[in-house]
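Shown next: run-v4.cif, given as mmCIF, C-alpha atoms and all ligand atoms.
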```cif
data_run
loop_
_atom_site.label_atom_id
_atom_site.label_comp_id
_atom_site.auth_asym_id
_atom_site.auth_seq_id
_atom_site.Cartn_x
_atom_site.Cartn_y
_atom_site.Cartn_z
CA MET V 1 -13.15 26.54 -13.63
CA THR V 2 -12.72 25.46 -10.06
CA GLU V 3 -9.71 23.45 -9.06
CA PRO V 4 -10.48 19.84 -8.18
CA ALA V 5 -10.68 19.45 -4.40
CA ASP V 6 -7.77 17.79 -2.64
CA PRO V 7 -8.39 14.15 -1.82
CA LEU V 8 -9.58 13.41 1.69
CA LEU V 9 -6.90 10.77 2.09
CA SER V 10 -3.63 10.39 0.22
CA VAL V 11 -1.44 7.35 0.69
CA ARG V 12 2.02 7.41 -0.90
CA ASP V 13 4.40 4.50 -1.29
CA LEU V 14 3.30 3.06 2.02
CA LYS V 15 5.32 0.14 3.39
CA ARG V 16 4.87 -1.98 6.49
CA HIS V 17 7.53 -4.62 6.94
CA TYR V 18 7.58 -6.88 9.99
CA PRO V 19 11.01 -8.05 11.10
CA VAL V 20 11.67 -11.78 11.01
CA ARG V 21 13.95 -12.82 13.85
CA SER V 22 15.69 -16.09 14.37
CA GLY V 23 18.27 -17.81 16.55
CA ILE V 24 18.55 -17.55 20.31
CA LEU V 25 19.71 -13.94 20.03
CA GLY V 26 16.62 -13.03 18.04
CA ARG V 27 18.61 -11.30 15.30
CA LYS V 28 16.67 -9.75 12.47
CA THR V 29 17.17 -12.07 9.53
CA GLY V 30 14.58 -10.73 7.13
CA ALA V 31 11.25 -8.94 6.82
CA VAL V 32 7.69 -9.86 6.01
CA GLN V 33 6.76 -7.32 3.36
CA ALA V 34 3.09 -7.17 4.38
CA VAL V 35 2.53 -3.85 2.59
CA ASP V 36 5.18 -2.90 0.08
CA GLY V 37 4.75 0.40 -1.70
CA VAL V 38 1.03 1.15 -1.91
CA SER V 39 -0.25 4.50 -3.22
CA PHE V 40 -3.78 5.78 -3.71
CA ASP V 41 -6.06 8.78 -3.20
CA LEU V 42 -9.50 8.68 -1.69
CA GLU V 43 -11.92 11.42 -2.68
CA ALA V 44 -14.49 12.65 -0.17
CA GLY V 45 -17.74 10.69 -0.47
CA GLU V 46 -16.39 7.75 -2.46
CA THR V 47 -15.87 4.08 -1.63
CA LEU V 48 -12.60 2.44 -2.55
CA ALA V 49 -12.57 -1.32 -2.06
CA VAL V 50 -9.29 -3.17 -1.55
CA VAL V 51 -9.73 -6.78 -2.57
CA GLY V 52 -7.34 -9.72 -2.45
CA GLU V 53 -6.74 -13.17 -1.00
CA SER V 54 -6.10 -13.84 2.66
CA GLY V 55 -2.61 -12.74 3.66
CA CYS V 56 -2.08 -10.23 0.83
CA GLY V 57 -1.75 -7.39 3.37
CA LYS V 58 -5.23 -5.82 3.40
CA SER V 59 -5.59 -5.61 7.18
CA THR V 60 -2.05 -4.36 7.64
CA LEU V 61 -2.79 -1.66 5.06
CA ALA V 62 -5.97 -0.62 6.92
CA GLU V 63 -4.22 -0.55 10.29
CA THR V 64 -1.28 1.44 8.96
CA VAL V 65 -3.55 3.95 7.21
CA ILE V 66 -5.50 4.66 10.40
CA GLY V 67 -2.38 4.94 12.54
CA LEU V 68 -2.87 1.75 14.59
CA ASP V 69 0.41 0.59 13.12
CA GLU V 70 3.54 2.59 12.19
CA PRO V 71 4.58 2.58 8.53
CA THR V 72 8.08 1.35 7.76
CA ALA V 73 8.23 3.93 4.95
CA GLY V 74 5.96 6.20 2.97
CA GLY V 75 3.21 8.39 4.27
CA VAL V 76 -0.44 9.16 4.81
CA VAL V 77 -1.96 12.61 4.39
CA PHE V 78 -5.46 13.18 5.73
CA ASP V 79 -7.32 16.32 4.68
CA GLY V 80 -4.04 18.04 3.86
CA GLU V 81 -2.32 17.10 7.14
CA PRO V 82 0.54 14.56 7.08
CA LEU V 83 0.19 11.89 9.73
CA ASP V 84 3.83 12.08 10.70
CA GLY V 85 3.76 11.79 14.44
CA GLY V 86 0.93 9.22 14.46
CA ALA V 87 -2.80 9.89 14.71
CA ASP V 88 -3.69 13.12 16.54
CA LYS V 89 -6.96 13.82 18.34
CA SER V 90 -8.71 15.31 15.34
CA PHE V 91 -7.73 12.32 13.15
CA ARG V 92 -8.91 9.88 15.81
CA ARG V 93 -12.32 11.56 15.73
CA ARG V 94 -12.63 11.93 11.98
CA VAL V 95 -11.48 8.43 11.02
CA GLN V 96 -13.22 5.42 12.54
CA MET V 97 -12.92 1.70 11.95
CA VAL V 98 -15.55 -1.02 11.70
CA PHE V 99 -14.04 -4.43 12.34
CA GLN V 100 -14.88 -7.80 10.88
CA ASP V 101 -15.96 -9.56 13.96
CA PRO V 102 -18.46 -7.71 16.12
CA PHE V 103 -18.42 -10.71 18.47
CA SER V 104 -14.85 -10.15 19.51
CA THR V 105 -14.74 -6.35 19.44
CA LEU V 106 -17.75 -5.58 21.62
CA ASN V 107 -17.24 -5.64 25.36
CA GLU V 108 -19.57 -8.40 26.52
CA ARG V 109 -20.08 -6.86 29.97
CA MET V 110 -21.17 -3.47 28.67
CA THR V 111 -24.69 -2.64 27.56
CA VAL V 112 -25.25 -1.52 23.98
CA GLY V 113 -25.94 2.01 25.25
CA ARG V 114 -22.55 2.17 26.97
CA ILE V 115 -20.69 0.62 24.05
CA VAL V 116 -22.02 3.22 21.62
CA ALA V 117 -21.45 6.06 24.12
CA GLU V 118 -17.85 5.08 24.86
CA PRO V 119 -16.17 7.19 22.11
CA LEU V 120 -18.19 10.19 23.37
CA VAL V 121 -16.94 9.57 26.91
CA ILE V 122 -13.33 9.24 25.72
CA HIS V 123 -13.57 12.47 23.73
CA ASP V 124 -15.62 14.20 26.44
CA GLU V 125 -18.50 15.00 24.12
CA ARG V 126 -22.24 15.51 24.54
CA ALA V 127 -22.23 15.10 28.32
CA GLU V 128 -25.70 16.71 28.53
CA ASP V 129 -27.67 14.73 25.96
CA ARG V 130 -25.54 11.63 25.55
CA ALA V 131 -28.23 9.03 26.22
CA ALA V 132 -30.72 10.68 23.85
CA TYR V 133 -28.06 10.97 21.15
CA VAL V 134 -27.07 7.31 21.53
CA ARG V 135 -30.72 6.27 21.23
CA GLU V 136 -30.91 8.33 18.03
CA LEU V 137 -27.81 6.56 16.70
CA LEU V 138 -29.35 3.17 17.44
CA GLU V 139 -32.38 4.15 15.42
CA THR V 140 -30.15 5.39 12.61
CA VAL V 141 -28.58 1.94 12.27
CA GLY V 142 -31.92 0.15 12.33
CA LEU V 143 -32.01 -0.94 15.98
CA ASP V 144 -34.83 -0.31 18.45
CA PRO V 145 -33.60 1.92 21.29
CA ASN V 146 -36.33 0.69 23.63
CA ARG V 147 -35.28 -2.91 23.19
CA HIS V 148 -31.59 -2.62 22.53
CA TYR V 149 -30.22 0.30 24.60
CA ASP V 150 -29.98 -1.80 27.78
CA ALA V 151 -29.27 -5.11 26.03
CA PHE V 152 -25.96 -6.96 26.29
CA PRO V 153 -24.13 -8.03 23.13
CA HIS V 154 -24.86 -11.74 23.70
CA GLU V 155 -28.56 -10.98 23.47
CA LEU V 156 -28.17 -9.72 19.89
CA SER V 157 -27.83 -11.46 16.54
CA GLY V 158 -24.65 -11.11 14.46
CA GLY V 159 -26.24 -8.53 12.19
CA GLN V 160 -27.49 -6.51 15.17
CA ARG V 161 -24.05 -6.58 16.75
CA GLN V 162 -22.46 -5.28 13.57
CA ARG V 163 -25.06 -2.48 13.59
CA VAL V 164 -23.92 -1.64 17.14
CA GLY V 165 -20.34 -1.53 15.84
CA ILE V 166 -21.45 0.86 13.09
CA ALA V 167 -23.41 3.08 15.53
CA ARG V 168 -20.33 3.31 17.72
CA ALA V 169 -18.17 4.23 14.73
CA LEU V 170 -20.65 6.99 13.81
CA ALA V 171 -20.84 8.51 17.30
CA LEU V 172 -18.13 11.13 16.72
CA GLU V 173 -19.51 12.04 13.27
CA PRO V 174 -16.43 10.88 11.35
CA ASP V 175 -15.63 11.68 7.71
CA LEU V 176 -13.91 8.41 6.87
CA LEU V 177 -14.85 4.87 7.86
CA VAL V 178 -12.38 2.06 7.34
CA LEU V 179 -14.47 -1.08 6.99
CA ASP V 180 -12.39 -4.22 7.51
CA GLU V 181 -14.39 -7.21 6.20
CA PRO V 182 -17.60 -5.66 7.62
CA VAL V 183 -19.92 -8.52 6.61
CA SER V 184 -17.58 -11.53 6.39
CA ALA V 185 -18.54 -12.88 9.81
CA LEU V 186 -22.26 -12.56 9.09
CA ASP V 187 -24.77 -15.03 7.70
CA VAL V 188 -25.31 -14.51 4.00
CA SER V 189 -28.97 -13.70 4.72
CA VAL V 190 -28.15 -10.60 6.80
CA ARG V 191 -25.23 -9.30 4.71
CA ALA V 192 -27.37 -7.42 2.20
CA GLY V 193 -29.14 -5.49 4.97
CA VAL V 194 -25.88 -4.33 6.55
CA LEU V 195 -24.43 -3.33 3.17
CA GLU V 196 -27.60 -1.41 2.38
CA LEU V 197 -27.31 0.40 5.70
CA LEU V 198 -23.72 1.36 4.86
CA ARG V 199 -24.83 2.69 1.47
CA ASP V 200 -27.68 4.71 3.02
CA LEU V 201 -25.42 6.18 5.68
CA GLN V 202 -22.94 7.20 3.03
CA ALA V 203 -25.63 8.96 1.00
CA GLU V 204 -27.11 10.72 4.04
CA ARG V 205 -23.86 11.73 5.72
CA GLY V 206 -21.45 12.11 2.82
CA LEU V 207 -19.17 9.49 4.38
CA THR V 208 -16.03 8.23 2.68
CA TYR V 209 -15.29 4.50 2.87
CA LEU V 210 -12.14 2.45 2.58
CA LEU V 211 -13.51 -1.07 2.35
CA ILE V 212 -11.27 -4.09 2.92
CA THR V 213 -12.65 -7.39 1.68
CA HIS V 214 -11.74 -10.71 0.09
CA ASP V 215 -15.25 -10.96 -1.34
CA VAL V 216 -15.81 -9.70 -4.88
CA SER V 217 -19.60 -9.76 -4.48
CA VAL V 218 -19.32 -7.26 -1.60
CA VAL V 219 -17.15 -5.04 -3.80
CA ARG V 220 -19.82 -5.08 -6.49
CA GLN V 221 -22.50 -3.99 -4.05
CA VAL V 222 -20.79 -0.96 -2.55
CA ALA V 223 -17.59 0.20 -4.25
CA ASP V 224 -17.01 3.08 -6.67
CA ARG V 225 -13.39 2.11 -7.33
CA VAL V 226 -11.45 -1.08 -6.70
CA ALA V 227 -7.82 -1.80 -5.86
CA VAL V 228 -6.66 -5.38 -6.33
CA MET V 229 -3.91 -6.35 -3.89
CA TYR V 230 -1.42 -9.18 -4.28
CA LEU V 231 1.51 -9.92 -1.97
CA GLY V 232 1.73 -6.44 -0.47
CA GLU V 233 1.20 -4.48 -3.70
CA PHE V 234 -1.69 -3.04 -5.67
CA VAL V 235 -1.66 -4.71 -9.08
CA GLU V 236 -4.65 -2.87 -10.49
CA LEU V 237 -6.64 0.19 -9.47
CA GLY V 238 -9.60 1.67 -11.29
CA GLY V 239 -13.37 2.15 -11.56
CA LEU V 240 -15.66 -0.65 -10.40
CA GLU V 241 -16.99 -1.68 -13.79
CA THR V 242 -13.70 -1.25 -15.58
CA VAL V 243 -11.80 -3.47 -13.20
CA LEU V 244 -14.47 -6.11 -12.59
CA ASP V 245 -15.85 -6.36 -16.11
CA GLU V 246 -12.63 -5.81 -18.06
CA PRO V 247 -9.82 -6.88 -15.76
CA ALA V 248 -6.44 -5.92 -17.17
CA HIS V 249 -4.08 -7.60 -14.73
CA PRO V 250 -3.87 -11.40 -15.00
CA TYR V 251 -4.20 -11.72 -11.21
CA THR V 252 -7.47 -9.76 -11.28
CA GLU V 253 -8.63 -12.05 -14.06
CA ALA V 254 -7.80 -15.13 -12.02
CA LEU V 255 -9.39 -13.74 -8.84
CA LEU V 256 -12.61 -12.92 -10.68
CA SER V 257 -12.80 -16.16 -12.56
CA SER V 258 -12.85 -18.06 -9.26
CA VAL V 259 -16.06 -16.23 -8.27
CA PRO V 260 -19.28 -17.81 -9.48
CA ARG V 261 -21.25 -15.27 -11.50
CA VAL V 262 -24.99 -14.98 -11.66
CA ARG V 263 -25.13 -14.31 -15.36
CA ALA V 264 -23.25 -16.19 -18.03
CA ASP V 265 -21.56 -18.49 -15.57
CA PRO V 266 -18.32 -19.51 -17.23
CA GLU V 267 -17.91 -23.10 -18.31
CA PRO V 268 -15.65 -24.94 -15.89
CA ASP V 269 -12.96 -24.91 -18.60
CA ASP V 270 -12.99 -21.09 -18.65
CA ARG V 271 -12.01 -20.87 -15.03
CA ILE V 272 -8.46 -19.81 -14.37
CA ARG V 273 -7.06 -21.95 -11.62
CA LEU V 274 -4.34 -20.27 -9.62
CA PRO V 275 -1.61 -22.86 -9.14
CA GLY V 276 -0.25 -23.23 -5.61
CA SER V 277 -0.67 -20.64 -2.89
CA PRO V 278 0.70 -17.08 -2.70
CA PRO V 279 4.49 -17.01 -2.12
CA ASP V 280 6.04 -16.14 1.23
CA PRO V 281 5.89 -12.34 1.70
CA SER V 282 9.29 -12.42 3.41
CA ASP V 283 10.83 -13.70 0.18
CA PRO V 284 8.70 -12.37 -2.68
CA PRO V 285 9.47 -13.34 -6.30
CA THR V 286 11.63 -10.96 -8.34
CA GLY V 287 10.09 -8.76 -11.02
CA CYS V 288 6.34 -9.13 -11.10
CA ARG V 289 5.36 -10.86 -7.85
CA PHE V 290 2.61 -12.77 -9.63
CA HIS V 291 4.83 -14.28 -12.32
CA PRO V 292 5.27 -17.79 -10.83
CA ARG V 293 1.48 -18.30 -10.90
CA CYS V 294 0.62 -16.28 -13.99
CA HIS V 295 -1.43 -17.90 -16.77
CA LEU V 296 -0.70 -15.01 -19.14
CA ARG V 297 3.07 -15.49 -18.85
CA GLU V 298 2.76 -19.07 -20.04
CA ARG V 299 1.49 -17.73 -23.35
CA LEU V 300 4.32 -15.20 -23.84
CA GLY V 301 7.46 -15.74 -25.90
CA ASP V 302 10.72 -16.29 -24.03
CA ASP V 303 11.89 -12.68 -24.23
CA ASP V 304 8.64 -11.31 -22.88
CA ALA V 305 8.38 -13.99 -20.21
CA ALA V 306 11.89 -13.02 -19.08
CA ARG V 307 10.71 -9.43 -18.53
CA CYS V 308 8.17 -10.64 -15.97
CA VAL V 309 10.99 -12.14 -13.90
CA GLU V 310 13.48 -9.30 -14.28
CA ALA V 311 11.71 -5.97 -14.37
CA ASP V 312 9.49 -4.68 -11.62
CA PRO V 313 6.32 -3.42 -13.27
CA ALA V 314 5.69 -0.75 -10.66
CA LEU V 315 2.15 0.48 -10.75
CA VAL V 316 2.19 3.28 -13.29
CA GLU V 317 0.54 6.39 -11.98
CA ARG V 318 -2.01 7.58 -14.49
CA ASP V 319 -3.94 10.75 -14.17
CA ALA V 320 -7.71 10.34 -14.01
CA GLY V 321 -8.41 14.01 -14.61
CA GLY V 322 -7.52 16.30 -17.53
CA ASP V 323 -6.88 15.34 -21.10
CA PRO V 324 -5.94 11.76 -21.61
CA ARG V 325 -2.31 11.23 -22.41
CA ALA V 326 -1.26 8.40 -24.66
CA ASP V 327 -0.71 6.16 -21.66
CA VAL V 328 -3.82 7.18 -19.76
CA ASP V 329 -6.44 4.55 -19.53
CA ARG V 330 -9.85 6.10 -20.20
CA ASP V 331 -10.88 5.34 -16.62
CA GLY V 332 -7.65 6.46 -15.00
CA ARG V 333 -6.89 2.85 -14.34
CA THR V 334 -3.43 1.82 -13.21
CA VAL V 335 -2.12 -1.66 -13.85
CA ALA V 336 1.16 -3.26 -12.83
CA CYS V 337 1.63 -5.62 -15.74
CA HIS V 338 3.77 -5.18 -18.82
CA PHE V 339 1.44 -7.34 -20.84
CA ARG V 340 -2.03 -6.07 -20.17
CA PRO V 341 -4.53 -7.55 -22.59
CA ASP V 342 -5.34 -4.08 -23.99
CA GLN V 343 -1.74 -3.31 -24.98
N1 LIG Q 401 2.46 -8.59 13.45
C1 LIG Q 401 2.92 -9.29 12.43
N2 LIG Q 401 4.14 -9.85 12.45
C2 LIG Q 401 4.62 -10.58 11.42
N3 LIG Q 401 3.93 -10.80 10.28
C3 LIG Q 401 2.69 -10.30 10.19
C4 LIG Q 401 2.12 -9.52 11.25
N4 LIG Q 401 0.86 -9.15 10.87
C5 LIG Q 401 0.68 -9.67 9.63
N5 LIG Q 401 1.76 -10.35 9.23
C6 LIG Q 401 1.95 -11.03 7.93
O1 LIG Q 401 1.76 -10.06 6.92
C7 LIG Q 401 1.07 -10.60 5.81
C8 LIG Q 401 -0.20 -9.80 5.55
O2 LIG Q 401 -1.12 -10.00 6.62
P1 LIG Q 401 -2.56 -9.28 6.68
O3 LIG Q 401 -3.25 -9.77 7.91
O4 LIG Q 401 -2.39 -7.82 6.51
O5 LIG Q 401 -3.25 -9.87 5.38
P2 LIG Q 401 -4.80 -9.88 4.99
O6 LIG Q 401 -4.85 -9.72 3.52
O7 LIG Q 401 -5.53 -8.89 5.82
O8 LIG Q 401 -5.23 -11.35 5.36
P3 LIG Q 401 -6.47 -11.84 6.22
O9 LIG Q 401 -7.68 -11.50 5.41
O10 LIG Q 401 -6.23 -13.30 6.36
O11 LIG Q 401 -6.39 -11.09 7.53
C9 LIG Q 401 0.80 -12.06 6.15
O12 LIG Q 401 1.81 -12.83 5.57
C10 LIG Q 401 0.89 -12.09 7.66
O13 LIG Q 401 1.30 -13.36 8.11
#
```
How does this structure look as structure tokens?
Amino acid sequence: MTEPADPLLSVRDLKRHYPVRSGILGRKTGAVQAVDGVSFDLEAGETLAVVGESGCGKSTLAETVIGLDEPTAGGVVFDGEPLDGGADKSFRRRVQMVFQDPFSTLNERMTVGRIVAEPLVIHDERAEDRAAYVRELLETVGLDPNRHYDAFPHELSGGQRQRVGIARALALEPDLLVLDEPVSALDVSVRAGVLELLRDLQAERGLTYLLITHDVSVVRQVADRVAVMYLGEFVELGGLETVLDEPAHPYTEALLSSVPRVRADPEPDDRIRLPGSPPDPSDPPTGCRFHPRCHLRERLGDDDAARCVEADPALVERDAGGDPRADVDRDGRTVACHFRPDQ
């Protein structure tokens, strides 16, 4: 038997806290716990989606993972190499990011050809056949090199601009793409085409994706596994169908029930309404961070409900491979809730 390959990316107990300062001296009086102890592995060729409401820390997680931001604690290991001193040259080639808003990230005064070639210029690559290679990349992402190579971003539609962003991210032949809300800024009518392109590119090039999104329908279309994030923490992590069709954490349940479904649309009474808005991440609730808004807790007896407030249900690490242990979910799912429906 061969040993399972090491994951391409390993994230362990990652934290990113932003200091809160106040008073005229600007003293540190607290910290926004934007990411607070997140761990996961990403296998080569898979797509892990991180889903959660606005402000739960998704973008901070993405930026910290790719070295745009320094972790407060914890670590990232990419292809066996710890990212201790920040991103080195090899990491900056092999990991690329696609941002939400192609309108703001493309340089309006540069032609499409130059935008896509820029990473090659920075890394001093393909000096001899750069233009031909860039034209090839444009074709790969479904653009027409003859029409689009010399075009300026304002001459393109939103979907075309996002394709330019993807071509640029592919230029250095990366292994991992971090996709931060890649279709959120696009018209619904062009989203499917861009997601299909991402799926095709993954199949052709063996790419690995870390997909950040607030949109469950996007998760359904591209992810293999899903992590549900709430107030800086993962509350549930597992296979796509397991998590979306049989959510175990009450927050996942609430998040999903707010999404209209094509089949068997729930009666309005079945919808779980999340009371209030997420708490302040500089002063998170004790115990389970979701407890003040949790519909499941309301149904628990006093002793159990007290556990939600007192004990931190840290995400239990369960092994996806090997023989299942008593506490191993059949899908290797991890859930940070003492009172999962299947217990
Ligand atoms: N530079 C910063 N300084 C202080 N607080 C920050 C900073 N960046 C983010 N935050 C805070 O950290 C928390 C997480 O923000 P983040 O942008 O990562 O969330 P998100 O889930 O990506 O939300 P959105 O989808 O709205 O971008 C928020 O409360 C945000 O206000």
So that I can see what lies close to region 99-113 of chain V, please list as a ChimeraX atom specification the residues with an atom at most 8 Å from it, counting all atoms listed in the file and leaving out residues fewer than 5 positions away in the same chain.
/V:131,134-135,148-154,158,161-162,164-165,179-185
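Proximity of V:Pro250, V:Met229, V:Arg191, V:Val335 to Arg299 (chain V), computed with only C-alpha atoms, is greatest for V:Pro250.
If you look at CA of Val51 (chain V) and CA of Arg168 (chain V), they are 25.0 Å away from each other.
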So which residues touch region 37-43 of chain V within 7 Å, counting all atoms listed in the file, skipping near sequence neighbours fewer than 2 positions away, as a list of chain:residue names?
V:Pro7, V:Leu8, V:Leu9, V:Ser10, V:Val11, V:Arg12, V:Asp13, V:Leu14, V:Lys15, V:Val35, V:Gly45, V:Glu46, V:Glu233, V:Phe234
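The list of residues with at least one atom within 7 Å of Cys308 (chain V), based on only C-alpha atoms and without residues fewer than 5 positions apart in the same chain, reads Gly287, Cys288 and His291 of chain V.
Using only C-alpha atoms and all ligand atoms, the nearest neighbour of ligand LIG 401 (chain Q) within the list V:Ser217, V:Ser282, V:Thr208, V:Thr72 is V:Ser282.
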Counting all atoms listed in the file, which protein, DNA or RNA residues come within 9 Å of ligand LIG 401 (chain Q), given as a short mmCIF file (atom, residue, chain, number, x, y, z; two decimals) with C-alpha atoms, keeping the file's coordinate frame?
```
data_model
loop_
_atom_site.label_atom_id
_atom_site.label_comp_id
_atom_site.auth_asym_id
_atom_site.auth_seq_id
_atom_site.Cartn_x
_atom_site.Cartn_y
_atom_site.Cartn_z
CA ARG V 16 4.87 -1.98 6.49
CA HIS V 17 7.53 -4.62 6.94
CA TYR V 18 7.58 -6.88 9.99
CA PRO V 19 11.01 -8.05 11.10
CA VAL V 20 11.67 -11.78 11.01
CA ALA V 31 11.25 -8.94 6.82
CA VAL V 32 7.69 -9.86 6.01
CA GLN V 33 6.76 -7.32 3.36
CA ALA V 34 3.09 -7.17 4.38
CA VAL V 35 2.53 -3.85 2.59
CA VAL V 51 -9.73 -6.78 -2.57
CA GLY V 52 -7.34 -9.72 -2.45
CA GLU V 53 -6.74 -13.17 -1.00
CA SER V 54 -6.10 -13.84 2.66
CA GLY V 55 -2.61 -12.74 3.66
CA CYS V 56 -2.08 -10.23 0.83
CA GLY V 57 -1.75 -7.39 3.37
CA LYS V 58 -5.23 -5.82 3.40
CA SER V 59 -5.59 -5.61 7.18
CA THR V 60 -2.05 -4.36 7.64
CA LEU V 61 -2.79 -1.66 5.06
CA ALA V 62 -5.97 -0.62 6.92
CA GLU V 63 -4.22 -0.55 10.29
CA ASP V 180 -12.39 -4.22 7.51
CA GLU V 181 -14.39 -7.21 6.20
CA ILE V 212 -11.27 -4.09 2.92
CA THR V 213 -12.65 -7.39 1.68
CA HIS V 214 -11.74 -10.71 0.09
CA MET V 229 -3.91 -6.35 -3.89
CA TYR V 230 -1.42 -9.18 -4.28
CA LEU V 231 1.51 -9.92 -1.97
CA GLY V 232 1.73 -6.44 -0.47
CA ASP V 280 6.04 -16.14 1.23
CA PRO V 281 5.89 -12.34 1.70
CA SER V 282 9.29 -12.42 3.41
#
```
Counting all atoms listed in the file, figure out which residue out of V:Leu296, V:Val218, V:Leu240, V:Leu172 gets nearest to Ala254 (chain V).
V:Leu296
Contacts of Arg92 (chain V) at 12 Å or less, counting all atoms listed in the file, minus same-chain residues fewer than 4 places along, as a VMD selection string?
chain V and resid 65 to 68 78 83 86 to 88 96 to 97 119 to 120 122 to 123 169 172 to 177
Out of V:Glu236, V:Asp303, V:Glu125, V:Glu118, which residue has the shortest atom-to-atom distance to Ala248 (chain V) when counting all atoms listed in the file?
V:Glu236
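A straight line drawn from CA of Leu207 (chain V) to CA of Glu139 (chain V) is 18.0 Å long.
Straight-line separation from CA of Ala117 (chain V) to CA of Leu143 (chain V): 15.1 Å.
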